[in-house]
Every structure is written in C-alpha cells, then in structure tokens.
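*Asks:* Mind having a look at this structure? Questions to follow.
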Amino acid sequence: MGLKKVFETNRESWNKKVAVHAASDFYNLEEFKNGASSLNDYELNALGDVSEKSLLHLQCHFGQDTLSWSRMGANCTGVDLSDEGIKLAKGLSNKLELEAKFVCCNVLDVSNPISEKFDIIFTSYGTIGWLPDLNHWAEMIYERLKPNGVFYIVEFHPIAWMFDYTSDPPKLKYGYMQKDAIYEEYEGTYANSNSKLISKEYGWNHSLSEVINSLINAGLKIELFKEHNASPYNIFPNLIKNKEGMFEMSNKLYPLIFEIKASK
Ligand SMILES: C[S@@+](CC[C@H](N)C(=O)[O-])C[C@H]1O[C@@H](n2cnc3c(N)ncnc32)[C@H](O)[C@@H]1O
C-alpha cells in the first residue's frame, strides 16, 4: 500500500479516537478545563521556563499539552494529521481563551504550511511510531528551529514496541530495527480499553540509533539522552504504580521511556 493511503488510514483511525479520548478519564478534560496541566515532570524539567518562547508541538492530538505550554506563557503552534483533533484543539483554545495556533497537516510536511522558526520544538509519548521516515522528520525539525533552538522528545522506548499487545499475554513479535510497517486492528484504545472503537492503523518501529542518528545527520547536537523505567502513563499490561505515582514493570526488565534534547 502506498504511503498516501497509509496516512489516510491512520488519519481516519485517529479522527475516531478524538471523541473517545476527549471523554476518557485518561485525558481528564474536565480537570484540564479547570486549569490542570496535562504535562509531566520529564518534559517540564527538560524544558524549564518556556515563557515568551515560540514552541512548535508536533503531533499535538487535541491540544491539551500545547495549551498547557500556552498556560505557562509559551507562544504555541500545534500540528496534527487528524482534522478532528485540530478542530477540538481550536475549540478548546477559544473556549479557554488560551492563545495558540493549530494546523492540520502531516508532520513530515510541516514546512509547507508553516514558515516560522521556533525556539522550541516538542513532541511526546506515542508520536514517531506513526512515521516511516525519521530522516525527513529530523530535517524538518532542523529547518523549523531558530539558531540555538531546542528540540525535545520524550517517547515510549522502542523495546516496548517489539511486543504485540493484541495477544494476551503480549508476544515478542516485531524487530527492534524492523523497517516494514506494522499493521494492527484492535478494539479499544490506550485511553479507554472498554471502548468498542475498532482502530486500524500502520506504525513503524524506530531503534534508538535511528532516532539519534537522524537528528545528528540533520545537523542537530545531542545535549541530553536518558532512558527511564518509569512511565507517566499506564499503557502497558501489568505495570505497577511507584511511590512517585509513575508506572513501572515489577521486574524493571527494560526501560519504558527515553528522552532526547538536541540543539541547533
Ligand atoms: C499518541 S498521540 C500524541 C500523544 C500526545 N502526547 C497526547 O497524548 O496528546 C499521536 C498523535 O499523532 C498524530 N499523528 C499520527 N500520524 C501523524 C502524522 N503523520 N503527522 C501528524 N500527526 C500524526 C495522531 O493524529 C495523534 O494525534
């Protein structure tokens, strides 16, 4: 299947997830509307004071994190493939009177609709697995950063994506450096496993060396690289809550999260 059709399939799938996610306890939209931040300690600690900074949020879903950065004083632009996600993000921005721009586009094509350069580019938790080509992605990031600008990603660890979670128990099935797309159809979503929604989607595994080298080859300098056992989200089977309220494997067999900060 050609990439155009693949992205269209993913867009349809994400469009359907928006309403389910907006109504979920996982995203807790009511609390967010009442002023709670949806951001986690990893990204808050890594990016520090964002006030007055221009911030491009890649794959912003329906904009909670983008608008949380806006609440902290950043001048934000969020982009996402899902028109339903962007529609809800714009609605939240208006309703909550939080200024931010939202643009519906493929993250690989950001430089078509957006010519501005940013102080910060941010992407988090469940983004690069939807992209076939990280070289093109990293080149776009370099292009859209101002000189001395900072790119930050906090993402689920590629080891966690080697498992097929549609099997119970999860089966070690996908290559750490697998190039071929992974197609999955499943009921429910990470934000609501009881939902009857059927997701049909294509994803790709990216090794840590692929992520890091794509950024280096695009011209960025790696400033920070960390791997963590603890995830802020309880999205994998049988995780236990630690004393900080984060989720870990009881045997800590492999890390669940990595972060990278890079500068131009
Ligand atoms: C797991 S969510 C983003 C996670 C975000 N941290 C959150 O929970 O709000 C993944 C997002 O990537 C978007 N997406 C998937 N493929 C994309 C693409 N090629 N270009 C832009 N956005 C894409 C989806 O529409 C979805 O909103």
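Each chain in the structure tokens gets a letter, A, B and so on, in the order shown; residues start at 1 in every chain, and ligands are counted from 1 in the order they appear.
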Using only C-alpha atoms and all ligand atoms, determine which residues fall within 6 Å of ligand 1, then list them as a PyMOL selection string.

*Replies:* chain A and resi 14+59-61+80-82+105-107+124-127+130-131

*Asks:* May I have the residues from that selection written out with N, CA, C and O atoms, as a short mmCIF file (atom, residue, chain, number, x, y, z; two decimals), in the first residue's frame?

*Replies:*
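Writing done, so here's selection05.cif:
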```cif
data_model
loop_
_atom_site.label_atom_id
_atom_site.label_comp_id
_atom_site.auth_asym_id
_atom_site.auth_seq_id
_atom_site.Cartn_x
_atom_site.Cartn_y
_atom_site.Cartn_z
N TRP A 14 -7.26 7.97 13.85
CA TRP A 14 -7.06 9.00 14.89
C TRP A 14 -8.26 9.92 15.00
O TRP A 14 -8.62 10.36 16.08
N GLN A 59 2.49 16.65 16.45
CA GLN A 59 1.53 15.58 16.76
C GLN A 59 0.82 15.85 18.09
O GLN A 59 0.89 15.08 19.04
N CYS A 60 0.11 16.98 18.10
CA CYS A 60 -0.44 17.53 19.35
C CYS A 60 -1.76 16.89 19.77
O CYS A 60 -2.31 17.29 20.79
N HIS A 61 -2.27 15.92 19.00
CA HIS A 61 -3.56 15.28 19.28
C HIS A 61 -4.63 16.37 19.39
O HIS A 61 -4.75 17.17 18.47
N ASP A 80 -1.11 18.48 13.75
CA ASP A 80 -1.53 17.08 13.82
C ASP A 80 -2.20 16.69 12.50
O ASP A 80 -2.79 17.52 11.83
N LEU A 81 -2.10 15.39 12.19
CA LEU A 81 -2.70 14.84 10.98
C LEU A 81 -4.22 14.79 11.06
O LEU A 81 -4.91 14.79 10.04
N SER A 82 -4.75 14.71 12.28
CA SER A 82 -6.18 14.47 12.47
C SER A 82 -6.96 15.78 12.46
O SER A 82 -6.77 16.63 13.34
N CYS A 105 -1.90 19.05 9.48
CA CYS A 105 -1.01 18.59 8.39
C CYS A 105 -0.22 17.37 8.85
O CYS A 105 -0.13 17.08 10.05
N ASN A 106 0.33 16.69 7.86
CA ASN A 106 1.24 15.59 8.16
C ASN A 106 2.51 16.20 8.75
O ASN A 106 3.02 17.20 8.24
N VAL A 107 3.00 15.62 9.81
CA VAL A 107 4.18 16.19 10.48
C VAL A 107 5.38 16.23 9.53
O VAL A 107 6.26 17.09 9.66
N SER A 124 5.85 14.26 22.05
CA SER A 124 5.86 13.37 23.22
C SER A 124 4.94 12.16 23.11
O SER A 124 3.89 12.22 22.49
N TYR A 125 5.38 11.08 23.77
CA TYR A 125 4.57 9.89 24.10
C TYR A 125 3.66 9.40 22.96
O TYR A 125 2.46 9.70 22.95
N GLY A 126 4.24 8.63 22.06
CA GLY A 126 3.41 7.99 21.04
C GLY A 126 3.36 8.76 19.73
O GLY A 126 2.30 8.88 19.13
N THR A 127 4.50 9.28 19.29
CA THR A 127 4.49 10.08 18.05
C THR A 127 5.31 9.46 16.91
O THR A 127 4.77 9.23 15.83
N TRP A 130 4.38 6.60 14.29
CA TRP A 130 3.45 6.79 13.17
C TRP A 130 4.16 7.26 11.91
O TRP A 130 3.51 7.58 10.92
N LEU A 131 5.50 7.31 11.97
CA LEU A 131 6.25 7.88 10.85
C LEU A 131 7.18 6.85 10.23
O LEU A 131 7.95 6.19 10.93
#
```

*Asks:* Using only C-alpha atoms, what does the table of range 60-156 of chain A residues within 12 Å of range 32-40 of chain A look like, with each row giving the shortest atom pair and its distance in Å to one decimal, sorted by chain and ascending number, as a tab-separated table?

*Replies:*
```
residue	atom	partner	partner_atom	distance
A:Cys60	CA	A:Ser38	CA	11.9
A:Phe62	CA	A:Ser38	CA	11.7
A:Gly63	CA	A:Ser38	CA	9.8
A:Gln64	CA	A:Ser38	CA	6.3
A:Asp65	CA	A:Ser38	CA	5.6
A:Thr66	CA	A:Ser38	CA	9.1
A:Leu67	CA	A:Ser37	CA	8.5
A:Ser68	CA	A:Ser37	CA	5.3
A:Trp69	CA	A:Leu39	CA	8.1
A:Ser70	CA	A:Ser37	CA	10.2
A:Arg71	CA	A:Ser37	CA	8.3
A:Met72	CA	A:Ser37	CA	9.3
A:Ala89	CA	A:Lys33	CA	12.0
A:Gly91	CA	A:Lys33	CA	11.7
A:Leu92	CA	A:Lys33	CA	8.2
A:Ser93	CA	A:Lys33	CA	10.1
A:Asn94	CA	A:Lys33	CA	11.7
A:Lys95	CA	A:Lys33	CA	9.0
A:Leu96	CA	A:Lys33	CA	7.1
A:Glu97	CA	A:Lys33	CA	10.7
A:Leu98	CA	A:Lys33	CA	10.8
A:Phe122	CA	A:Leu39	CA	11.7
A:Thr123	CA	A:Leu39	CA	11.6
A:Ser124	CA	A:Leu39	CA	9.8
A:Tyr125	CA	A:Asn40	CA	10.6
A:Val154	CA	A:Asn40	CA	10.0
```

*Asks:* Now that the selection is made, can you save its residues with C-alpha atoms as a short mmCIF file (atom, residue, chain, number, x, y, z; two decimals), in the first residue's frame?

*Replies:*
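And here is the file that came out, part_37.cif:
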```cif
data_model
loop_
_atom_site.label_atom_id
_atom_site.label_comp_id
_atom_site.auth_asym_id
_atom_site.auth_seq_id
_atom_site.Cartn_x
_atom_site.Cartn_y
_atom_site.Cartn_z
CA CYS A 60 -0.44 17.53 19.35
CA PHE A 62 -6.40 17.54 20.55
CA GLY A 63 -4.10 20.14 22.02
CA GLN A 64 -4.05 19.60 25.79
CA ASP A 65 -0.25 19.62 26.06
CA THR A 66 0.04 22.51 23.59
CA LEU A 67 -2.41 24.58 25.64
CA SER A 68 -0.67 23.57 28.87
CA TRP A 69 2.54 25.13 27.45
CA SER A 70 0.44 28.19 26.48
CA ARG A 71 -0.71 28.49 30.08
CA MET A 72 2.98 28.64 31.03
CA ALA A 89 -7.87 21.83 19.90
CA GLY A 91 -12.37 24.80 20.17
CA LEU A 92 -10.53 24.38 23.49
CA SER A 93 -8.20 27.28 22.70
CA ASN A 94 -11.20 29.57 22.02
CA LYS A 95 -13.25 28.37 24.96
CA LEU A 96 -10.42 28.63 27.46
CA GLU A 97 -9.13 31.87 25.89
CA LEU A 98 -5.67 30.40 25.55
CA PHE A 122 8.39 19.47 21.33
CA THR A 123 6.93 16.01 20.72
CA SER A 124 5.86 13.37 23.22
CA TYR A 125 4.57 9.89 24.10
CA VAL A 154 10.04 12.15 25.35
#
```

*Asks:* List every residue of range 20-230 of chain A that DSSP, applied to the backbone of this structure, assigns to helix (DSSP H, G or I), and report them as a count of residues only.

*Replies:* 69

*Asks:* Using only C-alpha atoms, find the one residue out of A:Cys104, A:Ile128, A:Glu184, A:Asn45 that sits nearest to Thr9 in chain A.

*Replies:*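 Smallest separation from Thr9 in chain A among the options: A:Glu184.
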
*Asks:* I'd like the neighbourhood of Ser214 in chain A as a list of chain:residue names, where a residue qualifies if any of its atoms comes within 7 Å (using only C-alpha atoms), though same-chain residues fewer than 6 positions away should be ignored.

*Replies:*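 Final neighbour list, sorted by chain and number: A:Leu134, A:Asn135, A:Ala138.
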
*Asks:* Could those selected residues go to a file with all heavy atoms, as a short mmCIF file (atom, residue, chain, number, x, y, z; two decimals), in the first residue's frame?

*Replies:*
```cif
data_model
loop_
_atom_site.label_atom_id
_atom_site.label_comp_id
_atom_site.auth_asym_id
_atom_site.auth_seq_id
_atom_site.Cartn_x
_atom_site.Cartn_y
_atom_site.Cartn_z
N LEU A 134 12.38 8.81 9.59
CA LEU A 134 12.83 9.79 10.59
C LEU A 134 13.84 10.78 10.02
O LEU A 134 14.03 11.87 10.58
CB LEU A 134 13.44 9.08 11.80
CG LEU A 134 12.46 8.28 12.66
CD1 LEU A 134 13.12 7.84 13.95
CD2 LEU A 134 11.19 9.07 12.96
N ASN A 135 14.48 10.45 8.89
CA ASN A 135 15.44 11.41 8.31
C ASN A 135 14.71 12.67 7.87
O ASN A 135 15.12 13.79 8.17
CB ASN A 135 16.18 10.80 7.12
CG ASN A 135 17.17 9.74 7.60
OD1 ASN A 135 17.76 9.89 8.67
ND2 ASN A 135 17.30 8.67 6.84
N ALA A 138 13.56 14.61 10.94
CA ALA A 138 14.63 15.36 11.62
C ALA A 138 15.05 16.58 10.79
O ALA A 138 15.34 17.64 11.34
CB ALA A 138 15.83 14.44 11.85
#
```

*Asks:* In terms of the shortest atom-to-atom distance over only C-alpha atoms, which of A:Trp161, A:Phe236, A:Phe151, A:Tyr176 is closest to Leu224 in chain A?

*Replies:*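 Counting only C-alpha atoms, the residue closest to Leu224 in chain A is A:Phe151.
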
*Asks:* Restricting the calculation to only C-alpha atoms, which member of A:Asp41, A:Ser207, A:Met162, A:Pro170 is positioned closest to Gly245 in chain A?

*Replies:*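 The shortest atom-to-atom distance to Gly245 in chain A comes from A:Asp41.
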
*Asks:* Would you mind telling me which residue in A:Pro113, A:Pro132, A:Gly149, A:Gly2 lies nearest to Ser54 in chain A when using only C-alpha atoms?

*Replies:* A:Gly149

*Asks:* Which residue gives the smallest distance to Gly188 in chain A among A:Leu208, A:Val20, A:Ala100, A:Val79, with only C-alpha atoms counted?

*Replies:*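 Result for the nearest residue to Gly188 in chain A: A:Val20.
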
*Asks:* Closest to Ile260 in chain A among A:Ser209, A:Ser193, A:Asn242, A:Asn229, using only C-alpha atoms?

*Replies:* A:Ser209

*Asks:* Would you mind writing down, as number ranges by chain, each residue of range 46-260 of chain A that DSSP on the backbone assigns to strand (DSSP E)?

*Replies:* A: 54-58, 75-80, 100-104, 118-124, 145-156, 163-164, 171-172, 182-187, 198-203, 221-228, 239-241, 247-249, 257-260

*Asks:* I'd like the interatomic distance between CA of Asn205 in chain A and CA of Ala19 in chain A, to a tenth of an Å.

*Replies:*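 Separating CA of Asn205 in chain A from CA of Ala19 in chain A is a distance of 26.8 Å.
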
*Asks:* So that I can see what lies close to Ala181 in chain A, please list as number ranges by chain the residues with an atom at most 12 Å from it, counting only C-alpha atoms and leaving out residues fewer than 3 positions away in the same chain.

*Replies:* A: 1-3, 6-7, 129-133, 174-175, 177-178, 184, 201-206

*Asks:* Just the selected residues (N, CA and C atoms), exported as a JSON list (two decimals), in the first residue's frame, please.

*Replies:*
```json
[["chain", "number", "residue", "atom", "x", "y", "z"],
["A", 1, "MET", "N", 0.85, -1.21, 0.00],
["A", 1, "MET", "CA", 0.00, 0.00, 0.00],
["A", 1, "MET", "C", 0.88, 1.26, 0.00],
["A", 2, "GLY", "N", 0.50, 2.26, -0.81],
["A", 2, "GLY", "CA", 1.29, 3.49, -0.88],
["A", 2, "GLY", "C", 1.15, 4.31, 0.41],
["A", 3, "LEU", "N", 2.14, 5.19, 0.61],
["A", 3, "LEU", "CA", 2.14, 5.97, 1.86],
["A", 3, "LEU", "C", 0.93, 6.87, 2.01],
["A", 6, "VAL", "N", -1.73, 4.87, 3.46],
["A", 6, "VAL", "CA", -1.36, 4.52, 4.84],
["A", 6, "VAL", "C", -1.68, 5.69, 5.77],
["A", 7, "PHE", "N", -1.27, 6.89, 5.38],
["A", 7, "PHE", "CA", -1.53, 8.07, 6.23],
["A", 7, "PHE", "C", -3.03, 8.34, 6.32],
["A", 129, "GLY", "N", 6.32, 6.61, 16.19],
["A", 129, "GLY", "CA", 5.87, 5.30, 15.71],
["A", 129, "GLY", "C", 4.87, 5.40, 14.57],
["A", 130, "TRP", "N", 4.38, 6.60, 14.29],
["A", 130, "TRP", "CA", 3.45, 6.79, 13.17],
["A", 130, "TRP", "C", 4.16, 7.26, 11.91],
["A", 131, "LEU", "N", 5.50, 7.31, 11.97],
["A", 131, "LEU", "CA", 6.25, 7.88, 10.85],
["A", 131, "LEU", "C", 7.18, 6.85, 10.23],
["A", 132, "PRO", "N", 7.13, 6.73, 8.90],
["A", 132, "PRO", "CA", 8.00, 5.76, 8.25],
["A", 132, "PRO", "C", 9.45, 6.23, 8.15],
["A", 133, "ASP", "N", 9.65, 7.57, 8.15],
["A", 133, "ASP", "CA", 10.96, 8.10, 7.76],
["A", 133, "ASP", "C", 11.43, 9.16, 8.75],
["A", 174, "TYR", "N", 7.89, -8.12, 17.00],
["A", 174, "TYR", "CA", 8.38, -7.18, 15.99],
["A", 174, "TYR", "C", 9.86, -6.87, 16.21],
["A", 175, "GLY", "N", 10.58, -6.71, 15.10],
["A", 175, "GLY", "CA", 12.02, -6.45, 15.16],
["A", 175, "GLY", "C", 12.33, -5.08, 15.74],
["A", 177, "MET", "N", 14.75, -3.31, 14.92],
["A", 177, "MET", "CA", 15.15, -2.43, 13.82],
["A", 177, "MET", "C", 14.32, -2.74, 12.56],
["A", 178, "GLN", "N", 13.10, -3.22, 12.79],
["A", 178, "GLN", "CA", 12.24, -3.60, 11.66],
["A", 178, "GLN", "C", 11.91, -2.40, 10.78],
["A", 184, "GLU", "N", -2.03, -3.08, 12.44],
["A", 184, "GLU", "CA", -2.81, -3.69, 13.54],
["A", 184, "GLU", "C", -4.26, -3.23, 13.48],
["A", 201, "GLU", "N", -4.60, 0.60, 11.90],
["A", 201, "GLU", "CA", -3.51, 1.57, 11.70],
["A", 201, "GLU", "C", -2.16, 0.93, 11.38],
["A", 202, "TYR", "N", -1.33, 1.77, 10.76],
["A", 202, "TYR", "CA", 0.03, 1.37, 10.38],
["A", 202, "TYR", "C", 1.03, 2.10, 11.26],
["A", 203, "GLY", "N", 2.03, 1.38, 11.73],
["A", 203, "GLY", "CA", 3.08, 2.03, 12.52],
["A", 203, "GLY", "C", 4.44, 1.48, 12.13],
["A", 204, "TRP", "N", 5.48, 2.11, 12.67],
["A", 204, "TRP", "CA", 6.86, 1.70, 12.37],
["A", 204, "TRP", "C", 7.68, 1.71, 13.66],
["A", 205, "ASN", "N", 8.57, 0.71, 13.78],
["A", 205, "ASN", "CA", 9.50, 0.70, 14.92],
["A", 205, "ASN", "C", 10.75, 1.48, 14.55],
["A", 206, "HIS", "N", 11.25, 2.26, 15.51],
["A", 206, "HIS", "CA", 12.49, 3.01, 15.28],
["A", 206, "HIS", "C", 13.44, 2.75, 16.43]]
```
